[in-house]
>>> print(open('target_15.cif').read())   # mmCIF, C-alpha atoms
data_entry
#
loop_
_atom_site.label_atom_id
_atom_site.label_comp_id
_atom_site.auth_asym_id
_atom_site.auth_seq_id
_atom_site.Cartn_x
_atom_site.Cartn_y
_atom_site.Cartn_z
CA MET E 685 4.99 18.57 32.15
CA LYS E 686 1.91 16.33 32.02
CA ARG E 687 -0.32 19.39 32.23
CA LEU E 688 1.54 21.06 29.37
CA MET E 689 1.25 17.95 27.24
CA MET E 690 -2.45 17.65 28.06
CA ALA E 691 -3.00 21.33 27.18
CA ALA E 692 -1.16 20.88 23.88
CA LEU E 693 -3.23 17.80 23.10
CA ILE E 694 -6.48 19.62 23.86
CA ALA E 695 -5.43 22.56 21.69
CA PHE E 696 -4.59 20.17 18.84
CA LEU E 697 -7.95 18.44 19.15
CA ILE E 698 -9.77 21.77 19.12
CA ILE E 699 -7.98 22.83 15.94
CA GLN E 700 -8.70 19.50 14.26
CA THR E 701 -12.35 19.62 15.30
CA THR E 702 -12.67 23.17 13.95
CA ASN E 703 -11.10 22.16 10.63
CA LEU E 704 -13.36 19.12 10.42
CA ALA E 705 -16.40 21.26 11.13
CA LYS E 706 -15.38 23.64 8.37
CA ALA E 707 -14.92 20.74 5.97
CA GLU E 708 -18.27 19.27 6.89
CA SER E 709 -19.98 22.65 6.52
CA LYS E 710 -18.69 22.87 2.96
CA THR E 711 -21.68 22.14 0.77
CA SER E 712 -21.79 20.45 -2.61
CA CYS E 713 -22.44 23.86 -4.18
CA GLU E 714 -18.81 24.72 -3.40
CA SER E 715 -17.56 21.88 -5.60
CA THR E 716 -16.73 24.17 -8.49
CA GLN E 717 -17.11 22.62 -11.93
CA PHE E 718 -16.72 25.68 -14.15
CA LYS E 719 -17.01 29.46 -14.39
CA ILE E 720 -19.93 31.55 -15.61
CA VAL E 721 -20.16 35.27 -16.39
CA MET E 722 -23.21 37.50 -16.01
CA LYS E 723 -24.51 38.71 -19.38
CA SER E 724 -26.65 41.33 -17.68
CA GLU E 725 -27.68 42.40 -14.21
CA ALA E 726 -29.70 39.54 -12.75
CA ASP E 727 -31.01 38.02 -9.55
CA VAL E 728 -29.77 35.01 -7.65
CA LYS E 729 -32.70 32.90 -6.49
CA GLU E 730 -33.16 30.69 -3.46
CA LYS E 731 -34.65 27.97 -5.65
CA ALA E 732 -34.57 27.16 -9.35
CA SER E 733 -37.66 29.24 -10.02
CA ALA E 734 -38.31 32.78 -11.16
CA ALA E 735 -40.94 33.09 -8.45
CA SER E 736 -38.45 32.11 -5.75
CA LYS E 737 -36.98 34.53 -3.21
CA THR E 738 -34.20 36.81 -4.50
CA LEU E 739 -31.01 36.40 -2.45
CA LYS E 740 -28.72 38.83 -4.27
CA THR E 741 -28.42 40.80 -7.48
CA TYR E 742 -25.22 40.58 -9.53
CA LYS E 743 -24.09 43.13 -12.10
CA LYS E 744 -23.12 42.49 -15.70
CA ASN E 745 -19.69 40.84 -16.27
CA LYS E 746 -19.53 39.42 -12.74
CA GLU E 747 -17.72 36.05 -12.83
CA LEU E 748 -19.03 33.25 -10.64
CA SER E 749 -18.24 29.61 -9.94
CA ALA E 750 -20.94 27.09 -10.85
CA SER E 751 -21.23 23.53 -9.62
CA GLY E 752 -23.59 22.46 -12.38
CA ARG E 753 -26.75 23.15 -14.31
CA THR E 754 -30.20 21.63 -14.07
CA GLY E 755 -32.49 22.55 -16.92
CA ASN E 756 -32.42 26.33 -17.30
CA TRP E 757 -30.76 27.04 -13.94
CA TYR E 758 -27.12 27.16 -12.88
CA GLU E 759 -26.28 26.25 -9.32
CA ILE E 760 -23.84 28.50 -7.46
CA CYS E 761 -22.89 28.93 -3.81
CA HIS E 762 -24.35 31.80 -1.79
CA ALA E 763 -23.72 32.00 1.96
CA ASN E 764 -22.62 28.35 1.93
CA LYS E 765 -25.93 27.26 0.44
CA ALA E 766 -26.99 26.36 -3.08
CA ALA E 767 -28.52 29.24 -5.03
CA TYR E 768 -29.62 29.55 -8.63
CA ILE E 769 -29.21 31.83 -11.65
CA ASN E 770 -31.28 31.58 -14.82
CA MET E 771 -29.40 30.29 -17.85
CA ALA E 772 -30.54 33.23 -19.99
CA ASP E 773 -28.63 35.65 -17.76
CA VAL E 774 -25.18 34.04 -18.00
CA LYS E 775 -22.67 32.56 -20.40
CA GLU E 776 -20.17 29.83 -19.63
CA VAL E 777 -16.42 30.36 -19.65
CA PHE E 778 -14.57 27.91 -21.90
CA SER E 779 -10.86 27.26 -22.33
CA THR E 780 -9.15 28.04 -25.64
CA ASP E 781 -9.16 24.33 -26.51
CA GLU E 782 -12.86 23.99 -25.69
CA LYS E 783 -13.70 27.00 -27.84
CA ALA E 784 -11.76 25.54 -30.76
CA LEU E 785 -13.46 22.18 -30.36
CA LEU E 786 -16.99 23.56 -30.12
CA LYS E 787 -16.42 25.88 -33.09
CA LYS E 788 -16.07 22.77 -35.27
CA PHE E 789 -19.67 21.88 -34.49
CA ASP E 790 -20.99 25.32 -35.36
CA ARG E 791 -20.22 24.29 -38.94
CA ARG E 792 -22.18 21.05 -38.61
CA LYS E 793 -25.83 21.86 -39.11
CA GLY E 794 -28.17 20.49 -36.49
CA VAL E 795 -25.47 19.05 -34.22
CA ASN E 796 -26.51 20.28 -30.79
CA GLN E 797 -25.01 17.58 -28.56
CA VAL E 798 -21.31 16.76 -28.31
CA VAL E 799 -19.44 14.07 -26.37
CA SER E 800 -15.75 14.89 -26.04
CA ALA E 801 -13.22 12.13 -25.22
CA THR E 802 -9.82 13.80 -25.02
CA GLY E 803 -6.45 12.55 -23.84
CA LYS E 804 -3.25 14.37 -22.93
CA SER E 805 -1.07 12.58 -25.47
CA MET E 806 -1.49 10.24 -28.43
CA SER E 807 -0.14 7.31 -26.41
CA ASP E 808 -2.33 7.99 -23.38
CA THR E 809 -5.03 5.40 -22.70
CA LYS E 810 -7.00 7.54 -20.25
CA VAL E 811 -9.38 10.24 -21.41
CA THR E 812 -11.65 12.86 -19.92
CA ILE E 813 -15.21 12.63 -21.18
CA GLN E 814 -17.21 15.84 -21.26
CA THR E 815 -20.59 16.67 -22.73
CA TYR E 816 -21.87 19.87 -24.28
CA GLU E 817 -25.25 20.92 -25.61
CA LYS E 818 -26.46 23.98 -27.45
CA LYS E 819 -29.16 25.78 -25.47
CA GLN E 820 -30.68 29.15 -26.35
CA GLY E 821 -28.15 29.46 -29.16
CA GLU E 822 -25.07 28.93 -26.93
CA TRP E 823 -22.93 25.96 -26.00
CA ARG E 824 -23.36 24.79 -22.42
CA ARG E 825 -21.82 21.97 -20.41
CA ALA E 826 -24.29 19.16 -19.83
CA LEU E 827 -23.32 16.18 -17.64
CA LYS E 828 -20.44 16.30 -15.16
CA LYS E 829 -16.94 15.24 -16.24
CA MET E 830 -16.29 11.53 -16.49
CA GLU E 831 -13.17 9.37 -16.57
CA GLY E 832 -12.79 7.06 -19.55
CA VAL E 833 -10.38 4.78 -21.34
CA ILE E 834 -9.58 4.16 -25.01
CA GLY E 835 -7.47 1.72 -27.02
CA LYS E 836 -4.52 0.05 -25.30
CA ASN E 837 -2.15 1.75 -27.77
CA GLY E 838 -3.67 5.20 -27.57
CA PHE E 839 -4.98 7.38 -30.39
CA THR E 840 -4.18 7.28 -34.10
CA LYS E 841 -5.02 9.31 -37.20
CA SER E 842 -4.60 6.27 -39.44
CA LYS E 843 -6.32 3.36 -37.77
CA LYS E 844 -5.82 -0.20 -38.95
CA GLU E 845 -7.63 -3.38 -38.01
CA GLY E 846 -6.18 -4.91 -34.86
CA ASP E 847 -3.81 -2.05 -33.98
CA GLY E 848 -5.35 -1.55 -30.54
CA LYS E 849 -5.79 2.17 -31.17
CA SER E 850 -8.74 4.55 -31.10
CA PRO E 851 -9.41 6.73 -34.15
CA VAL E 852 -8.95 10.49 -33.93
CA GLY E 853 -11.89 12.38 -35.38
CA ILE E 854 -15.52 13.41 -35.16
CA TYR E 855 -18.19 10.75 -35.55
CA SER E 856 -21.95 10.44 -35.27
CA PHE E 857 -23.59 7.73 -33.20
CA GLY E 858 -25.42 4.73 -34.56
CA THR E 859 -27.84 2.62 -32.58
CA ALA E 860 -27.63 2.10 -28.85
CA PHE E 861 -27.55 -1.56 -27.81
CA GLY E 862 -27.23 -3.89 -24.90
CA SER E 863 -27.96 -7.30 -23.45
CA GLU E 864 -30.31 -5.65 -20.95
CA THR E 865 -33.77 -4.22 -21.57
CA LYS E 866 -33.81 -0.69 -22.97
CA PRO E 867 -33.47 1.74 -20.05
CA ALA E 868 -36.46 3.95 -19.29
CA GLY E 869 -36.16 7.47 -20.62
CA MET E 870 -33.75 6.65 -23.45
CA LYS E 871 -34.57 8.47 -26.69
CA MET E 872 -32.06 6.70 -28.94
CA GLY E 873 -32.96 3.66 -30.97
CA TYR E 874 -31.99 0.52 -29.04
CA LYS E 875 -31.23 -3.05 -30.08
CA LYS E 876 -31.30 -5.75 -27.44
CA THR E 877 -28.55 -8.25 -28.19
CA THR E 878 -28.81 -12.03 -28.23
CA LYS E 879 -26.37 -14.92 -28.52
CA TYR E 880 -26.94 -14.79 -32.26
CA ASP E 881 -25.66 -11.22 -32.73
CA TYR E 882 -22.13 -10.59 -34.03
CA TRP E 883 -20.00 -7.69 -35.22
CA ILE E 884 -17.76 -8.82 -38.06
CA ASP E 885 -14.07 -7.88 -38.17
CA ASP E 886 -13.12 -10.43 -40.84
CA GLN E 887 -11.40 -8.30 -43.52
CA THR E 888 -12.06 -10.90 -46.19
CA SER E 889 -15.82 -10.89 -45.64
CA LYS E 890 -18.46 -8.74 -47.34
CA ASP E 891 -19.87 -8.33 -43.83
CA TYR E 892 -16.79 -6.48 -42.56
CA ASN E 893 -17.62 -3.83 -39.94
CA LYS E 894 -21.31 -4.77 -39.89
CA TRP E 895 -23.70 -6.10 -37.27
CA LYS E 896 -25.03 -9.49 -38.31
CA THR E 897 -27.57 -11.83 -36.74
CA TYR E 898 -26.81 -15.47 -37.52
CA LYS E 899 -28.08 -18.69 -35.95
CA GLY E 900 -25.52 -20.99 -37.54
CA ASN E 901 -21.89 -21.60 -36.54
CA PRO E 902 -20.16 -18.20 -36.80
CA ALA E 903 -16.69 -19.77 -36.96
CA VAL E 904 -17.66 -21.38 -40.27
CA LYS E 905 -19.11 -18.20 -41.75
CA TRP E 906 -16.42 -15.71 -40.64
CA LYS E 907 -12.72 -15.85 -39.83
CA SER E 908 -13.11 -13.23 -37.11
CA PHE E 909 -16.08 -11.76 -35.28
CA GLU E 910 -17.15 -10.23 -31.98
CA ARG E 911 -20.08 -11.40 -29.89
CA MET E 912 -22.51 -8.59 -29.17
CA ASN E 913 -23.84 -10.12 -25.94
CA HIS E 914 -20.46 -9.54 -24.31
CA GLU E 915 -20.46 -8.63 -20.59
CA LEU E 916 -19.09 -5.15 -21.34
CA TYR E 917 -21.94 -4.58 -23.77
CA ARG E 918 -24.73 -4.60 -21.24
CA TYR E 919 -25.17 -1.06 -22.50
CA GLY E 920 -23.41 0.72 -25.32
CA ALA E 921 -23.71 2.64 -28.57
CA VAL E 922 -22.20 2.27 -32.01
CA ILE E 923 -19.74 4.99 -32.99
CA ASN E 924 -20.06 5.48 -36.75
CA TYR E 925 -16.40 5.02 -37.60
CA ASN E 926 -15.55 3.53 -41.03
CA THR E 927 -19.20 3.01 -41.84
CA ASP E 928 -19.84 5.18 -44.92
CA PRO E 929 -18.09 3.92 -46.92
CA ILE E 930 -16.70 0.84 -45.21
CA ILE E 931 -13.02 0.41 -46.08
CA LYS E 932 -11.65 -3.05 -45.33
CA GLY E 933 -8.73 -3.03 -42.93
CA LYS E 934 -9.39 0.50 -41.69
CA GLY E 935 -10.83 -0.70 -38.38
CA SER E 936 -14.11 -2.08 -37.10
CA ALA E 937 -16.39 -2.39 -34.07
CA ILE E 938 -15.77 1.03 -32.53
CA PHE E 939 -18.25 1.50 -29.70
CA LEU E 940 -18.99 3.45 -26.56
CA HIS E 941 -19.37 0.82 -23.84
CA ILE E 942 -18.80 -0.18 -20.21
CA TRP E 943 -15.19 -0.41 -19.03
CA ARG E 944 -13.40 -3.13 -17.07
CA GLY E 945 -11.92 -0.40 -14.90
CA GLY E 946 -10.10 2.91 -15.03
CA THR E 947 -6.71 1.26 -15.59
CA LYS E 948 -7.85 -1.25 -18.20
CA PRO E 949 -7.91 0.13 -21.76
CA THR E 950 -9.89 -1.26 -24.68
CA ALA E 951 -9.07 -2.68 -28.10
CA GLY E 952 -10.02 0.63 -29.69
CA CYS E 953 -13.40 1.63 -28.25
CA THR E 954 -14.16 4.38 -25.75
CA ALA E 955 -15.32 3.04 -22.39
CA THR E 956 -16.38 4.37 -19.02
CA ALA E 957 -18.22 3.26 -15.88
CA GLU E 958 -21.65 1.70 -16.37
CA ARG E 959 -23.43 4.56 -14.60
CA ASN E 960 -21.74 7.00 -17.00
CA VAL E 961 -22.71 4.98 -20.07
CA LEU E 962 -26.32 5.01 -18.90
CA SER E 963 -26.19 8.77 -18.24
CA LEU E 964 -24.81 9.39 -21.72
CA LEU E 965 -27.35 7.16 -23.43
CA LYS E 966 -30.25 8.79 -21.59
CA TRP E 967 -28.92 12.26 -22.33
CA MET E 968 -28.35 11.77 -26.06
CA ASP E 969 -31.28 12.72 -28.28
CA PRO E 970 -31.29 11.71 -31.98
CA VAL E 971 -33.14 14.93 -32.82
CA GLN E 972 -30.09 16.86 -31.57
CA LYS E 973 -27.71 14.77 -33.73
CA PRO E 974 -25.22 13.77 -30.99
CA HIS E 975 -21.60 13.37 -32.13
CA ILE E 976 -18.44 12.23 -30.40
CA VAL E 977 -15.05 13.88 -30.85
CA MET E 978 -11.99 11.76 -30.01
CA GLY E 979 -8.32 12.68 -29.80
CA THR E 980 -5.89 15.09 -28.17
CA ASN E 981 -6.30 18.86 -28.42
CA ASP E 982 -3.32 19.02 -30.80
CA SER E 983 -4.43 16.12 -33.00
CA LEU E 984 -7.93 17.60 -33.33
CA LYS E 985 -6.69 20.94 -34.67
CA SER E 986 -6.60 19.53 -38.21
CA VAL E 987 -9.95 17.78 -37.92
CA LYS E 988 -12.74 19.63 -39.72
#
>>> encode(input="target_15.cif", output="structure tokens")
Amino acid sequence: MKRLMMAALIAFLIIQTTNLAKAESKTSCESTQFKIVMKSEADVKEKASAASKTLKTYKKNKELSASGRTGNWYEICHANKAAYINMADVKEVFSTDEKALLKKFDRRKGVNQVVSATGKSMSDTKVTIQTYEKKQGEWRRALKKMEGVIGKNGFTKSKKEGDGKSPVGIYSFGTAFGSETKPAGMKMGYKKTTKYDYWIDDQTSKDYNKWKTYKGNPAVKWKSFERMNHELYRYGAVINYNTDPIIKGKGSAIFLHIWRGGTKPTAGCTATAERNVLSLLKWMDPVQKPHIVMGTNDSLKSVK
């Protein structure tokens, strides 16, 4: 009996070790992010270089799984190792909802970078943040998917001051800002905040929904305001909601900024982990007119 039990135990350990070895042998290139389709017959390269060794040649219309893209090269998995295909030879596969979303930006001249913050329902406070950029005349995914949060009361198509909701729609970005020094490599304009910087949400003030620098007592000047050197604003960017024209009571201080955590929504902003905020800010290029689209797939159908 002891021998049988020992044999069974050894067999179990062998199976577990084999499974573990298989798991460990699985490379990052197998972490599929999205699908691509060959536009023409093309070579798979050992490295992200046209001069690199050819590993395989795929025919037109062949569908492959990609784990990401760096510059002009998509990374795929070939023989359990990372391999590369030139961007010019493939197109990305998008869902019906993604196609509908990106089509909206084909009508917006010069908009070549899109940040998408979409939730599953209007009351949901969690969103998926994805980025897209137009390269060689086609939309391509940019950074990897990110988790984010929005207003504590979800999305709305008719935002009001203090409702705790995030506005559905498409908006450009204003300045980037933060209490820290401007990160290296950032192309966006950047304002370093001080203890004298405020965003005004006082509906009775002519300064409503504006950034103001004031060295006096803010409580005397405004009934309500937000300090811009807040801990969650180490890095962030203004989302141009209700800015042109400014309508009092329609909502103010809508930003992209650092979150408190994945289960802690905002007062109406879009937030994500600090590393993600930095990645977004470094990726966005004013020349490419980056915009953010916020809402659910259904709610965005009527947004032009």
>>> residues_around(input="target_15.cif", residues="E:Leu964", least_positions_apart="6", cutoff="9 Å", atoms="only C-alpha atoms", output="JSON, numbers by chain")
{"E": [799, 815, 827]}
>>> closest_residue(input="target_15.cif", among="E:Met830, E:Met912, E:Ala903, E:Val971", to="E:Ser863", atoms="all atoms listed in the file")
E:Met912
>>> atom_distance(input="target_15.cif", atom1="atom CA of E:Lys890", atom2="atom CA of E:Lys905")
11.0 Å
>>> resolve_selection(input="target_15.cif", expression="the PyMOL selection byres ((chain E and resi 911) around 7)", output="ChimeraX atom specification")
/E:881-883,909-910,912-914
>>> resolve_selection(input="target_15.cif", expression="the PyMOL selection byres ((chain E and resi 933) around 12)", output="VMD selection string")
chain E and resid 842 to 847 884 to 889 892 to 893 926 930 to 932 934 to 937
>>> resolve_selection(input="target_15.cif", expression="the PyMOL selection byres ((chain E and resi 712-729) around 8)", output="mmCIF file with C-alpha atoms, in the frame of the given file")
data_model
loop_
_atom_site.group_PDB
_atom_site.id
_atom_site.type_symbol
_atom_site.label_atom_id
_atom_site.label_comp_id
_atom_site.auth_asym_id
_atom_site.auth_seq_id
_atom_site.Cartn_x
_atom_site.Cartn_y
_atom_site.Cartn_z
ATOM 1 C CA LYS E 710 -18.690 22.870 2.960
ATOM 2 C CA THR E 711 -21.680 22.140 0.770
ATOM 3 C CA GLU E 730 -33.160 30.690 -3.460
ATOM 4 C CA LYS E 731 -34.650 27.970 -5.650
ATOM 5 C CA ALA E 732 -34.570 27.160 -9.350
ATOM 6 C CA SER E 733 -37.660 29.240 -10.020
ATOM 7 C CA ALA E 734 -38.310 32.780 -11.160
ATOM 8 C CA SER E 736 -38.450 32.110 -5.750
ATOM 9 C CA LYS E 737 -36.980 34.530 -3.210
ATOM 10 C CA THR E 738 -34.200 36.810 -4.500
ATOM 11 C CA LEU E 739 -31.010 36.400 -2.450
ATOM 12 C CA LYS E 740 -28.720 38.830 -4.270
ATOM 13 C CA THR E 741 -28.420 40.800 -7.480
ATOM 14 C CA TYR E 742 -25.220 40.580 -9.530
ATOM 15 C CA LYS E 743 -24.090 43.130 -12.100
ATOM 16 C CA LYS E 744 -23.120 42.490 -15.700
ATOM 17 C CA ASN E 745 -19.690 40.840 -16.270
ATOM 18 C CA LYS E 746 -19.530 39.420 -12.740
ATOM 19 C CA GLU E 747 -17.720 36.050 -12.830
ATOM 20 C CA LEU E 748 -19.030 33.250 -10.640
ATOM 21 C CA SER E 749 -18.240 29.610 -9.940
ATOM 22 C CA ALA E 750 -20.940 27.090 -10.850
ATOM 23 C CA SER E 751 -21.230 23.530 -9.620
ATOM 24 C CA GLY E 752 -23.590 22.460 -12.380
ATOM 25 C CA GLU E 759 -26.280 26.250 -9.320
ATOM 26 C CA ILE E 760 -23.840 28.500 -7.460
ATOM 27 C CA CYS E 761 -22.890 28.930 -3.810
ATOM 28 C CA ASN E 764 -22.620 28.350 1.930
ATOM 29 C CA LYS E 765 -25.930 27.260 0.440
ATOM 30 C CA ALA E 766 -26.990 26.360 -3.080
ATOM 31 C CA ALA E 767 -28.520 29.240 -5.030
ATOM 32 C CA TYR E 768 -29.620 29.550 -8.630
ATOM 33 C CA ILE E 769 -29.210 31.830 -11.650
ATOM 34 C CA ASP E 773 -28.630 35.650 -17.760
ATOM 35 C CA VAL E 774 -25.180 34.040 -18.000
ATOM 36 C CA LYS E 775 -22.670 32.560 -20.400
ATOM 37 C CA GLU E 776 -20.170 29.830 -19.630
ATOM 38 C CA VAL E 777 -16.420 30.360 -19.650
ATOM 39 C CA LYS E 828 -20.440 16.300 -15.160
#
>>> atom_distance(input="target_15.cif", atom1="atom CA of E:Thr980", atom2="atom CA of E:Val961")
21.2 Å
